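Engineer: Let me give you the structure first, and then I'll get to my questions.
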Amino acid sequence: MSTEATLTALTTTRHEASSTAWFWWKETRQLAPLVALLAIVSLLIIVINAILGVAMDSFRMQLPHEVTMLVFPGLFATGAGPLLVGQERSQRTIDWLALLPISSKRIATTKLLVGMAGLATMWAFALLVITAFELGQRDTSHWTIGGQTGYSGNPFSYPVWISHSLFVLLAGFYVAWRIKNQFYSLIALIPLAFAPLIATSLVSEFANRPMATGQLDWINLGFTLLGIVIVTPISYRAAIRTLGAAEAPSVKPLVDVSPHSPARETNDAIPPTFATHTAPIIWQSIHSAKGMLAILIGMLLISFLAAVQLAAVDRYRGIIGLLPWLLLLAPLAVCWLGISVFKHDGASERVRFLADRGVSPGKTYCALHAVPIAILCCSLLVYGLWNLTIVHREAVSNFAAGLPSLVTMLMIVVWIYAISQWVSQFVRTLILSVILAPILSLVTVGWLVFAYLSLGFPIYGLILCGLAPMVATYVMMRRYMDTGDRPLTFVVGGGVVGLIVLLPIGFAAAHVLSVPAMDPTLRAELLSEAQRHAEPNARLVAVPVTGFADDSAFRHDPLGDKMKELQNYLHHYKMDPQQSVAPLKSNASTEVVALVGPWEYTRWHGNMMRARIQWRQQQDDPAWSELAQWLDASATLLPALRRSTLLSGQEIADRLEVLLIDTLQNDVPAERADEPAVQAATQAIGTPASRAAARRRAVVVTWQHKFQDDRERYLNHYLTVLEHQPPGLVGWMQPRFHDSLVTAMLEGIDAAANRSDDIGWRWKLHQLHQTGDVFQTSRYADDLRSLPAIETMTVDRINGYGQLWGRDWEYVELNTRTQP
Amino acid sequence: MSASRKTFRDRTMIAVAIAPPIALLLFCVSAAATWQAGAAKVRPVLEQSFPPELIDSLVTQAADDADRVSTEHTKLSRELASAAEALNDQYHLLFDVLEEHDDLFENLDEEHPLDTYLDDYLAEAAPLLNLTKQYANEFGNPNSYSSGLISFRGLPELLRTEFRDAVRDKQTDRAIEAFRLFQGLGIGPTGQVSLDLLPLVTQSIATGIWSESELNEIVQLVKASPDLNQTWQDSIRSTTLAQVPWLLRGEVVQRWRRDPTPKTFAPSLRLQWLQRNEAFSRVGGIGTFDAIKRVMKLQETFRRESGSGLDLALQIPAYNQSYSPGQSKDYLATLYTKVANERRHARTAAAVAKYKLKFGQYPMTLDDLIKVNLPASATLDPLGVPFHFSSDGETCELGNAAIWFTDSRGYSGTFGTRDGTLSAILKQFVVLKFR
C-alpha cells in the first residue's frame, strides 16, 4: 500500500516548491487506513453498546465507554511508527526515499510530525466522542493529575493518558527506525511502552512507605515526561543513522554446494530433504519464522509464569501488582499466533512459492496452521496439567480460585485464534492486522460470552461461531494463494461477521418465539372485554386491620421508650372486624372494591380463627357474638373483594371464602343457622359460576395492565419461569409468558366452573409458577389438591395463581343454605 | 519432492505438528471418562446413608419446601398457629418490651409494670392455651418437616408468656405445664430467643418457687430433650438429602436467588462435598468446645484444599464453582455447645435449689451438690471449668460460665482468648441470684 501511495504521490506532485505538501500528503495517505480503521471500530463499539443498552433493559453488559475511547489513541500511537517507518523499511521504499533530494532530517521530522498530527486527530476524535456521548462523569474533572483516583471516584486523568500516548508514539518511531523487522519492532515496543508504569511500580516497591494512587499518578507522569525527553533525541539519531549510508557488508566465504562435498552434510544453510509434501511445509513454517515463534512462545511462557506466581500469593502490591498485566500477554500471543498463519516475514512469497509448485490449497492450509495449533495445544495441555496441581480456593489464592477451566480456556483460545487468523488473511498490511486482530478478538469474545450468559446461546452455537472464521479462510485459500481473493473475501468475511453476530440473535429470537403469543383475534376480544370491565367509577377502599388511620400514623421508634409505646398504642392493634369493614359499608350505595393484601388477610384469618376457637370452648353468647361479628364482617368483605379486578384480590377472596365455608360447616350449630350473621355469611358465599365470572374479569383486566397496578408495581406477583430464562431475554419473554398465563388461567376458570378434572391448565400454571419442580408434589397436582383447602392453602402470600380453583370447597353444599 | 520413503525428518516434523493436539485430546477424553466414572459413583455413596426409595422420592426432588405436604400438618396445628400469630401480632409491642425486661423474676412479691399486660394477653389467649393443652399430643412442630405453609412462632411465644406469668404468680403447676407443652413442640436447638424456654426456666429456679418434685421433673424434662449428637447428625443428613438433585445430576437446588450463569459441577466436586459432610457427621461429642474445635479444623482444612479431579477441567466455566450448600458447620457446633451449657446450667441451678430445700441453706461450693446427686460433670462450663459460684449459705450466685466475661460482641469463630471464646459460645454472662 505504501508503495502505491509513494508512486501515485510521485506522479501527481512533481513541483519542487510543493514537495513539502507532497511529502505530507504521501505520509498522511499511509497513515489514513489506521486512523479510519480505529475510528470505525471504536464508533462501532460505542454504537453496539448503546444498542445493547436500549435493547437489554433488564440486563446489560456494560463496556466502559470512556476506556474504549481512551484506548484507541494509544493503539494509534502504537501503530503509527511501525506503519510510517517499519513498513517502508521492510518494503525497501525507504531506500528509494533516501535517494530523493530530501534531507534525512526532513524525512525523519516530517514522518514524526505526521504521526503527531495523527495522534492529535485521534485525541480530538476521542474527546469529541466522549463529549458527544456524555461518557465521562461530569461532576469531576478529568484534567487533573493525581487527584480523585480510586474505585468509586474518577480513575481517568487525561493529561497522563495523553502524555503517555505521545511517549508511545515516539517510542514506536524509535523502535521502527532501529529494528528493521516490523514484528520485532512491535514486540520491542511493548516493554518500552510500559516502561513508565514499570518504573512507577519499582518506586512503589522500594519506597519505604505505602503510596496512595494519587501520588503514583504523579510519579507515572514524571516518568512518562522523562521518557519523552529521552526517546525524542535517540529516535531522531536512529532515523538519521538509518537514512544515512549503509555500512558495507562484510565478506563471507562462499558456501561449497557441490553435492559430494563433505561440507554439505554439516552446512545449515542448505535445506534438508524430505520425502513427503507436508513435512517440508511444516519445517519451513518453523524455520522461516523462528524468531517470531520463539517470541510468541516466550510471551505465553511469561504469562504462564506470571499465573504460577499469582496463584502462589494472595496480595498484589508493588512488582506483584504488575503480574496481572503480564497475563494479557497470553491472549495477545494467541492472537499473534493466529496472525502468523498468513502474515509473517516472507509469508506471501512462501504461499506464492507453494502455489507455483502446485501444492494443494488444503495441504498448504493445514501446514500453515500446524505449527501455531501445535503450540496452542501444548500451552493448553500445560495449563490443564498445572491446574491439576494447584488449589482452587479463595482461602489460598483468589487468583487460583477464579481460574477458568480448561474447556472454557479452550473455547476462548479457539475464538481468538480463529478471528486472528481470519484477520491475517483478510487484511493485507501486517501492522494493521496486528492492531486490528486483538480488538476484533476482544469484541468477539465479549459478544459470545454475553450471548452465552444472557441470551442463552447454546454451547454448540459457540463452537460453530468459533469454527466459522476457520472455514472462511479455508474456503478462500485457493484464491488467496493465487492472490485473486479480493472481491470474494469481502463477501465471505461479511458472512463470517454476519454469522457471529446474527446466530446468537437468531437463537435468542427463536427462544423468545418458542413461547406462543396469544392469537390476535382472542387478544382483541379479551382486550375489549377488559375495556368493558374496567369501571372508572369503582372505588378502591383499603381495609384497615389496625386502629390507626393509616399505616404512616404510627412509626416505630427504635430509640423511644418502649414502655410508653406499649401504654399508648397497644389498644390500637386490637382488630375490630366491624370497624375494618365500616368504610365498605358506608359506601355501600356505590360499587366499592376492597383492597386487601396478604398481610392484612393473614391477620383477618388468624383473628377469625381465634374467635372460632374461643366459641368452640365457651359455647356462650359473648363468644358467639364475637364469632358472629366476624361472620357478618366477612360477609361484607367477601363481595367487595370479589368485585376486585386485581388477581391478588381474587386470590384473597378465594381464601376468605374457604375460611367462611369451613367456619359455617364446622363451627355453626344448626340452632344458630337462622341468625342474621350466619344468613349473611351464607348469602355471601358465591357459586362456581359467579366466582368464574369474577376471576375472568380480574384475569383480563390484570393482564391488560401488564400485571402492574397504577403505580407500575407488580402486585404480589412474580413468575418463577422468568428466573429460568436467559437474563437478557426476560424483558422480551415476559409479555408472552403473561399471555400463556392468561390462557391457562382462563382454561382453569372454565374447568373450575364446570367442575372438570382437566389437568392441562394446572400443568401449565405449574410450569409457569414452579418451573423446574416436580409436578406431582406441586400445588397444582392431585396429591395436594385432594386435601382440604383450609389445611393446605398459604395465607401470608400468594405463591402462584389459581391454586384453589376447582377444588372441593367450591362445590360444597352448605346445609345452612336450605334454611329460609 | 516426490513422495518416496519417509525419512526420520519427515516423521519428526509430522510428530511435532500432530503430537500436541493428540495429547490434548487424550487429556480431554480421560477427563470425560473420569467425569462419567465419578457420576456413577455418587449414587452408591448416597445409598450407604439413605434407602434408595428416599433418594428417589419426590419430596427430595421438590425444591420448594412449601410443596411438601405432611400429615403432621393437621388442621389443628394450622388453626392454632394462625390464631396465635394473629394474637401476638396484636401484642407485638408487649413482646418488644418483654425482651428488654429481664427483671421479671427478680422480685415476685412486688408489682411489675408488665403484670397487667401479661394478664390481658393471657386472658385473650386462654382459649388457645386450652386447645393446646387439650390436644397436647396431637400437634408437633410443623417446621420440623416443612416450612412456608404457616409461620411457626405464635405458639412458642404464647407458651413463653404463659410461663412468665405463671412464675410471676408463683403458680408452679401452670408453669411446669407450659414447660411440658413447650418441650412437646419438639423444637430443635435454636439460636432464636423466641423459640427457647430453657433460659427462662433456669432463671425461675433462682426464685425458689419450685418444690422438690417439680425440680425433679424439670431436670427430667431437660434430660429428655433431644440428644445433641443425634440432632447434629440429623441436620447433616437433611442437608445432604436436600441436595440429592445436585449430587446426582448437578442441578442447583436454590430458590431464593438463582444464579443466572449456567454452570456445571464435576462429579468429583460433588463426591468431595458428600465426603466432607460425612466427615462432619463423624465429629462426636457435639455440645463441647472440643467439637467446635474439631469442626472448625475440618472446615479450615476443607477451605484450603480443593478437588484435583481430572474432571474439573471440563467444568463450565471455572475450576472453582462457588456453590457449596450447607458448608458452614461451626455456627451449628457453637450453637449446640451453647444449648448443652444451658442444659447443664439448668440442672446445676435445680440442684442448688434442691440443696436449699433439703438442707435449709445453700451449698458453700459446687462440690456439695453431690449430696443431691448432681455429678460434677454437670457443673462445668464449655471450657470444662466449674461455673462461677459464690455462696454464704443464705444467698448464692450461679453463673453460666466460670468467669465474668464482658465481651458480648463475640460471634462464632472468635476463639482467641478465654473471654472471647466464652462470649462467642454463650453470647452473654448470666448470673442467677438465689435469695
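Going by the C-alpha cells order, chains are called A, B, ..., each with residues numbered from 1, while ligands are numbered from 1 in the order shown.
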Can you pull out the residues contacting Ser391 of chain B? Cut-off 6 Å, using only C-alpha atoms, and skip same-chain residues under 3 positions away; I want them as an NGL selection string.

Structural biologist: :B and (364 or 395-396)

Engineer: For Ala120 of chain A, work out the shell of residues within 9 Å, counting only C-alpha atoms and skipping chain neighbours fewer than 5 positions away, then give it as an NGL selection string.

Structural biologist: :A and (73 or 115 or 125)

Engineer: Just to be explicit: take each residue in the selection above, keep N, CA and C atoms, and write the result as a PDB file, in the first residue's frame.

Structural biologist:
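Just written: out.pdb:
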ATOM      1  N   PRO A  73      -6.575   6.124  20.894  1.00  0.00           N
ATOM      2  CA  PRO A  73      -5.381   6.926  20.576  1.00  0.00           C
ATOM      3  C   PRO A  73      -4.094   6.182  20.922  1.00  0.00           C
ATOM      4  N   GLY A 115       2.871  11.767  12.256  1.00  0.00           N
ATOM      5  CA  GLY A 115       2.399  10.874  13.326  1.00  0.00           C
ATOM      6  C   GLY A 115       1.755  11.673  14.443  1.00  0.00           C
ATOM      7  N   PHE A 125     -10.761  13.361  18.108  1.00  0.00           N
ATOM      8  CA  PHE A 125     -11.901  12.487  17.825  1.00  0.00           C
ATOM      9  C   PHE A 125     -12.414  11.842  19.118  1.00  0.00           C
TER      10      PHE A 125
END

Engineer: When you count only C-alpha atoms, which of these residues is closest to Gly38 of chain B: B:Ala266, B:Leu26, B:Ala126, B:Leu314?

Structural biologist: B:Ala266

Engineer: Pick out the residues sitting within 6 Å of Ala86 of chain B, and hand them over as a PyMOL selection string; count only C-alpha atoms, and ignore anything fewer than 2 positions along from it in its own chain.

Structural biologist: (chain A and resi 603+606-607) or (chain B and resi 83-84+88-89)

Engineer: Just write the chosen residues, C-alpha atoms, as an mmCIF file, in the first residue's frame.

Structural biologist:
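The resulting file, again.cif, is shown below:
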data_model
loop_
_atom_site.group_PDB
_atom_site.id
_atom_site.type_symbol
_atom_site.label_atom_id
_atom_site.label_comp_id
_atom_site.auth_asym_id
_atom_site.auth_seq_id
_atom_site.Cartn_x
_atom_site.Cartn_y
_atom_site.Cartn_z
ATOM 1 C CA ARG A 603 -54.486 -11.004 60.389
ATOM 2 C CA GLY A 606 -55.896 -15.540 62.376
ATOM 3 C CA ASN A 607 -58.329 -13.394 64.300
ATOM 4 C CA ALA B 83 -54.641 -17.750 65.689
ATOM 5 C CA ALA B 84 -51.643 -17.375 67.996
ATOM 6 C CA ASN B 88 -49.129 -11.990 69.049
ATOM 7 C CA ASP B 89 -49.216 -9.544 66.193
#

Engineer: Residues within 12 Å of Phe265 of chain B, please, as a ChimeraX atom specification. Count only C-alpha atoms; anything in the same chain fewer than 4 positions from it doesn't count.

Structural biologist: /A:405 /B:35,38-39,245-252,269-273,307,309,311-324

Engineer: With C-alpha atoms retained, export the selected residues as a compact mmCIF listing (two decimals), in the first residue's frame.

Structural biologist:
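Once written, part15.txt looks like this:
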# COMPACT_ATOMS: atom_id res chain seq x y z
CA SER A 405 -11.48 -24.39 33.49
CA TRP B 35 -16.49 -37.47 34.77
CA GLY B 38 -17.40 -40.17 39.07
CA ALA B 39 -21.03 -39.61 38.17
CA PRO B 245 -30.75 -33.42 42.81
CA TRP B 246 -27.44 -31.57 42.85
CA LEU B 247 -25.47 -34.61 43.93
CA LEU B 248 -26.97 -36.92 41.34
CA ARG B 249 -27.44 -34.59 38.41
CA GLY B 250 -25.65 -31.36 39.24
CA GLU B 251 -28.90 -29.37 39.36
CA VAL B 252 -28.60 -26.40 41.68
CA LEU B 269 -16.63 -31.98 43.35
CA ARG B 270 -19.99 -33.40 44.40
CA LEU B 271 -18.41 -36.56 45.80
CA GLN B 272 -16.00 -34.42 47.74
CA TRP B 273 -18.90 -32.46 49.21
CA GLY B 307 -10.52 -31.26 44.36
CA GLY B 309 -10.03 -34.46 39.90
CA ASP B 311 -12.96 -33.98 35.51
CA LEU B 312 -12.71 -30.45 36.90
CA ALA B 313 -11.10 -29.47 33.60
CA LEU B 314 -14.49 -29.94 31.91
CA GLN B 315 -16.45 -27.79 34.34
CA ILE B 316 -18.09 -24.70 32.94
CA PRO B 317 -16.95 -22.00 33.45
CA ALA B 318 -14.28 -22.29 36.17
CA TYR B 319 -12.32 -24.75 38.25
CA ASN B 320 -13.79 -23.44 41.47
CA GLN B 321 -17.58 -23.20 41.41
CA SER B 322 -18.91 -21.10 44.21
CA TYR B 323 -21.87 -23.34 45.03
CA SER B 324 -21.26 -25.20 48.28

Engineer: Between atom CA of Arg168 of chain B and atom CA of Trp210 of chain B, what distance in Å does the model show, to one decimal?

Structural biologist: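 It comes out at 12.4 Å.
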
Engineer: Using only C-alpha atoms, which of A:Gly81, A:Val423, A:Leu186, A:Leu70 sits nearest Ala126 of chain A?

Structural biologist: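 So, comparing all the options, the nearest one is A:Leu70.
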
Engineer: So that I can see what lies close to Val699 of chain A, please list as a VMD selection string the residues with an atom at most 7 Å from it, counting only C-alpha atoms and leaving out residues fewer than 4 positions away in the same chain.

Structural biologist: chain A and resid 647 695 703 742

Engineer: Would you save the residues from that selection as a CSV table (one decimal), in the first residue's frame, using N, CA and C atoms?

Structural biologist:
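Resulting contents of selection.csv:
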chain,number,residue,atom,x,y,z
A,647,LEU,N,-56.0,-9.6,40.3
A,647,LEU,CA,-55.9,-11.0,40.5
A,647,LEU,C,-55.6,-11.3,42.0
A,695,ARG,N,-63.4,-14.0,38.5
A,695,ARG,CA,-62.0,-14.3,38.2
A,695,ARG,C,-61.6,-14.0,36.8
A,703,TRP,N,-54.3,-8.5,33.3
A,703,TRP,CA,-53.4,-8.8,32.1
A,703,TRP,C,-53.3,-7.6,31.2
A,742,VAL,N,-52.3,-16.1,31.1
A,742,VAL,CA,-53.8,-15.7,31.0
A,742,VAL,C,-54.5,-16.9,30.3
